[in-house]
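*Asks:* Structure provided below as structure tokens; questions to follow.
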Amino acid sequence: MIEKEALMARGPVINERLAKLLDELTSLTRTGELHWERQLGSAHRYARWKNNLLILGPAEPLSETKIPRYLFVTPFDSPSCIEINSDDPVLGPALLELVALVEKVSKQEPPTDPFSITDEELSRLTS
């Protein structure tokens with residue numbers, strides 16, 4: 001688990017930018033512009049946005065557990081990442097709002113495999 005001192009060490013400018021990111025993801029989710037899917041065989045929700053993979057987890061309903069939640073953002077073309085944890089005193093409430101919304105909008109989604117190989121992907125590689 002991330003120490004609270006490390007969470008606070010980001011500073012107000014970074015926290016403000018991350019808060020804006022959470023607000024934007026929440027807004028896009030609310031309008032349906034950002035589509036979250038349930039990952040097959042996993043307790044996570046994921047979405048693709050601006051060439052990034054967004055992973056929200058774990059997926060146990062908020063009403064049933066007090067397990068900390070996280071948002072993991074990683075670019076498809078880089079090993080770098082951003083993680084926001086619900087234990088964060090500044091960003092935690094906004095993350096929990098996003099978690100609750102994603103739970104609601106993806107509740108009926110059938111599980112999918114984000115790493116499955118499709119004919120389209122193979123065609124791009126083997127044309």
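Lettering and numbering for the structure tokens are positional, with chains as A, B, ... in the shown order, residues counted from 1 in each chain, and ligands counted from 1 in the shown order.
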I want to know what sits within 9 Å of Gly57 (chain A), based on only C-alpha atoms, with residues of the same chain fewer than 4 positions away left out; could you give that as a list in words?

*Replies:*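 Contacts, with the query itself left out: Ala43, His44, Arg45, Tyr46, Pro68, Arg69, Tyr70, Leu71, Phe72 and Val99 of chain A.
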
*Asks:* Residues as selected, C-alpha atoms, written as a PDB file, in the first residue's frame, can you do that?

*Replies:*
```
ATOM      1  CA  ALA A  43     -11.778  -8.354 -10.785  1.00  0.00           C
ATOM      2  CA  HIS A  44     -11.097  -5.239 -12.833  1.00  0.00           C
ATOM      3  CA  ARG A  45     -12.737  -2.833 -15.233  1.00  0.00           C
ATOM      4  CA  TYR A  46     -10.746  -1.398 -18.096  1.00  0.00           C
ATOM      5  CA  PRO A  68      -8.980   0.384  -1.288  1.00  0.00           C
ATOM      6  CA  ARG A  69      -9.524   1.082  -4.973  1.00  0.00           C
ATOM      7  CA  TYR A  70      -7.079   2.274  -7.570  1.00  0.00           C
ATOM      8  CA  LEU A  71      -6.937   3.714 -11.039  1.00  0.00           C
ATOM      9  CA  PHE A  72      -3.910   2.612 -13.039  1.00  0.00           C
ATOM     10  CA  VAL A  99     -15.543   3.661  -9.135  1.00  0.00           C
TER      11      VAL A  99
END
```

*Asks:* Output as a ChimeraX atom specification all residues of region 15-124 of chain A that backbone DSSP marks as strand (DSSP E or B).

*Replies:* /A:37-39,45-49,52-57,70-75,82-85,112

*Asks:* Could you tell me, as a PDB file with C-alpha atoms, in the first residue's frame, which residues of chain A DSSP assigns to helix (DSSP H, G or I) when given the backbone?

*Replies:*
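Okay, result.pdb is ready:
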```pdb
ATOM      1  CA  LYS A   4       0.196   8.658   2.937  1.00  0.00           C
ATOM      2  CA  GLU A   5       3.402  10.732   3.032  1.00  0.00           C
ATOM      3  CA  ALA A   6       4.212   9.588  -0.509  1.00  0.00           C
ATOM      4  CA  LEU A   7       0.710  10.502  -1.662  1.00  0.00           C
ATOM      5  CA  MET A   8       1.005  13.986  -0.197  1.00  0.00           C
ATOM      6  CA  PRO A  12      -0.689  20.663  -5.074  1.00  0.00           C
ATOM      7  CA  VAL A  13       0.012  21.209  -8.790  1.00  0.00           C
ATOM      8  CA  ILE A  14       0.185  17.467  -9.549  1.00  0.00           C
ATOM      9  CA  ASN A  15      -2.832  16.779  -7.312  1.00  0.00           C
ATOM     10  CA  GLU A  16      -4.815  19.457  -9.157  1.00  0.00           C
ATOM     11  CA  ARG A  17      -3.948  17.958 -12.557  1.00  0.00           C
ATOM     12  CA  LEU A  18      -4.844  14.448 -11.370  1.00  0.00           C
ATOM     13  CA  ALA A  19      -8.124  15.753  -9.923  1.00  0.00           C
ATOM     14  CA  LYS A  20      -8.934  17.266 -13.333  1.00  0.00           C
ATOM     15  CA  LEU A  21      -8.123  13.898 -14.933  1.00  0.00           C
ATOM     16  CA  LEU A  22     -10.514  12.120 -12.560  1.00  0.00           C
ATOM     17  CA  ASP A  23     -13.199  14.740 -13.260  1.00  0.00           C
ATOM     18  CA  GLU A  24     -12.758  14.281 -17.016  1.00  0.00           C
ATOM     19  CA  LEU A  25     -12.887  10.468 -16.789  1.00  0.00           C
ATOM     20  CA  THR A  26     -16.009  10.692 -14.622  1.00  0.00           C
ATOM     21  CA  SER A  27     -17.672  13.100 -17.055  1.00  0.00           C
ATOM     22  CA  LEU A  28     -16.778  10.974 -20.097  1.00  0.00           C
ATOM     23  CA  THR A  29     -18.053   7.866 -18.313  1.00  0.00           C
ATOM     24  CA  ARG A  30     -21.293   9.589 -17.329  1.00  0.00           C
ATOM     25  CA  THR A  31     -21.979  10.657 -20.951  1.00  0.00           C
ATOM     26  CA  LEU A  62     -18.291  -0.580  -3.058  1.00  0.00           C
ATOM     27  CA  SER A  63     -21.290  -1.472  -0.920  1.00  0.00           C
ATOM     28  CA  GLU A  64     -19.826  -4.878  -0.033  1.00  0.00           C
ATOM     29  CA  GLY A  92      -9.514   9.384  -2.948  1.00  0.00           C
ATOM     30  CA  PRO A  93     -13.061  10.798  -2.885  1.00  0.00           C
ATOM     31  CA  ALA A  94     -12.991  11.621  -6.620  1.00  0.00           C
ATOM     32  CA  LEU A  95     -11.657   8.144  -7.397  1.00  0.00           C
ATOM     33  CA  LEU A  96     -14.434   6.530  -5.343  1.00  0.00           C
ATOM     34  CA  GLU A  97     -16.980   8.599  -7.283  1.00  0.00           C
ATOM     35  CA  LEU A  98     -15.528   7.229 -10.538  1.00  0.00           C
ATOM     36  CA  VAL A  99     -15.543   3.661  -9.135  1.00  0.00           C
ATOM     37  CA  ALA A 100     -19.224   3.944  -8.171  1.00  0.00           C
ATOM     38  CA  LEU A 101     -20.147   5.296 -11.603  1.00  0.00           C
ATOM     39  CA  VAL A 102     -18.164   2.608 -13.452  1.00  0.00           C
ATOM     40  CA  GLU A 103     -19.807  -0.065 -11.291  1.00  0.00           C
ATOM     41  CA  LYS A 104     -23.208   1.292 -12.290  1.00  0.00           C
ATOM     42  CA  VAL A 105     -22.581   1.647 -16.040  1.00  0.00           C
ATOM     43  CA  SER A 106     -20.650  -1.604 -16.524  1.00  0.00           C
ATOM     44  CA  ASP A 119      -8.303 -11.301 -37.148  1.00  0.00           C
ATOM     45  CA  GLU A 120      -8.016  -7.525 -37.589  1.00  0.00           C
ATOM     46  CA  GLU A 121      -4.898  -7.373 -35.403  1.00  0.00           C
ATOM     47  CA  LEU A 122      -3.313 -10.322 -37.173  1.00  0.00           C
ATOM     48  CA  SER A 123      -4.086  -8.788 -40.569  1.00  0.00           C
ATOM     49  CA  ARG A 124      -2.259  -5.593 -39.619  1.00  0.00           C
ATOM     50  CA  LEU A 125       0.797  -7.612 -38.673  1.00  0.00           C
ATOM     51  CA  THR A 126       0.813 -10.243 -41.401  1.00  0.00           C
TER      52      THR A 126
END
```

*Asks:* Would you pick out the contacts of Leu53 (chain A) at 10 Å or less, using only C-alpha atoms, so that residues sharing its chain but fewer than 3 positions from it are not included, and give the list as a list in words?

*Replies:*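 Those residues are Tyr46, Ala47, Arg48, Trp49, Lys50, Leu56, Phe72, Val73, Thr74, Pro75, Phe76, Cys81 and Pro114 of chain A.
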
*Asks:* Those selected residues, please, written with C-alpha atoms and delivered as a compact mmCIF listing (two decimals), in the first residue's frame.

*Replies:*
```
# COMPACT_ATOMS: atom_id res chain seq x y z
CA TYR A 46 -10.75 -1.40 -18.10
CA ALA A 47 -11.09 1.22 -20.80
CA ARG A 48 -8.99 2.59 -23.63
CA TRP A 49 -8.58 6.37 -23.79
CA LYS A 50 -6.12 8.63 -25.64
CA LEU A 56 -9.88 0.31 -12.30
CA PHE A 72 -3.91 2.61 -13.04
CA VAL A 73 -3.17 4.54 -16.24
CA THR A 74 -0.49 3.30 -18.60
CA PRO A 75 0.27 4.39 -22.16
CA PHE A 76 0.19 1.67 -24.80
CA CYS A 81 2.30 4.69 -15.47
CA PRO A 114 -8.51 -7.15 -23.56
```
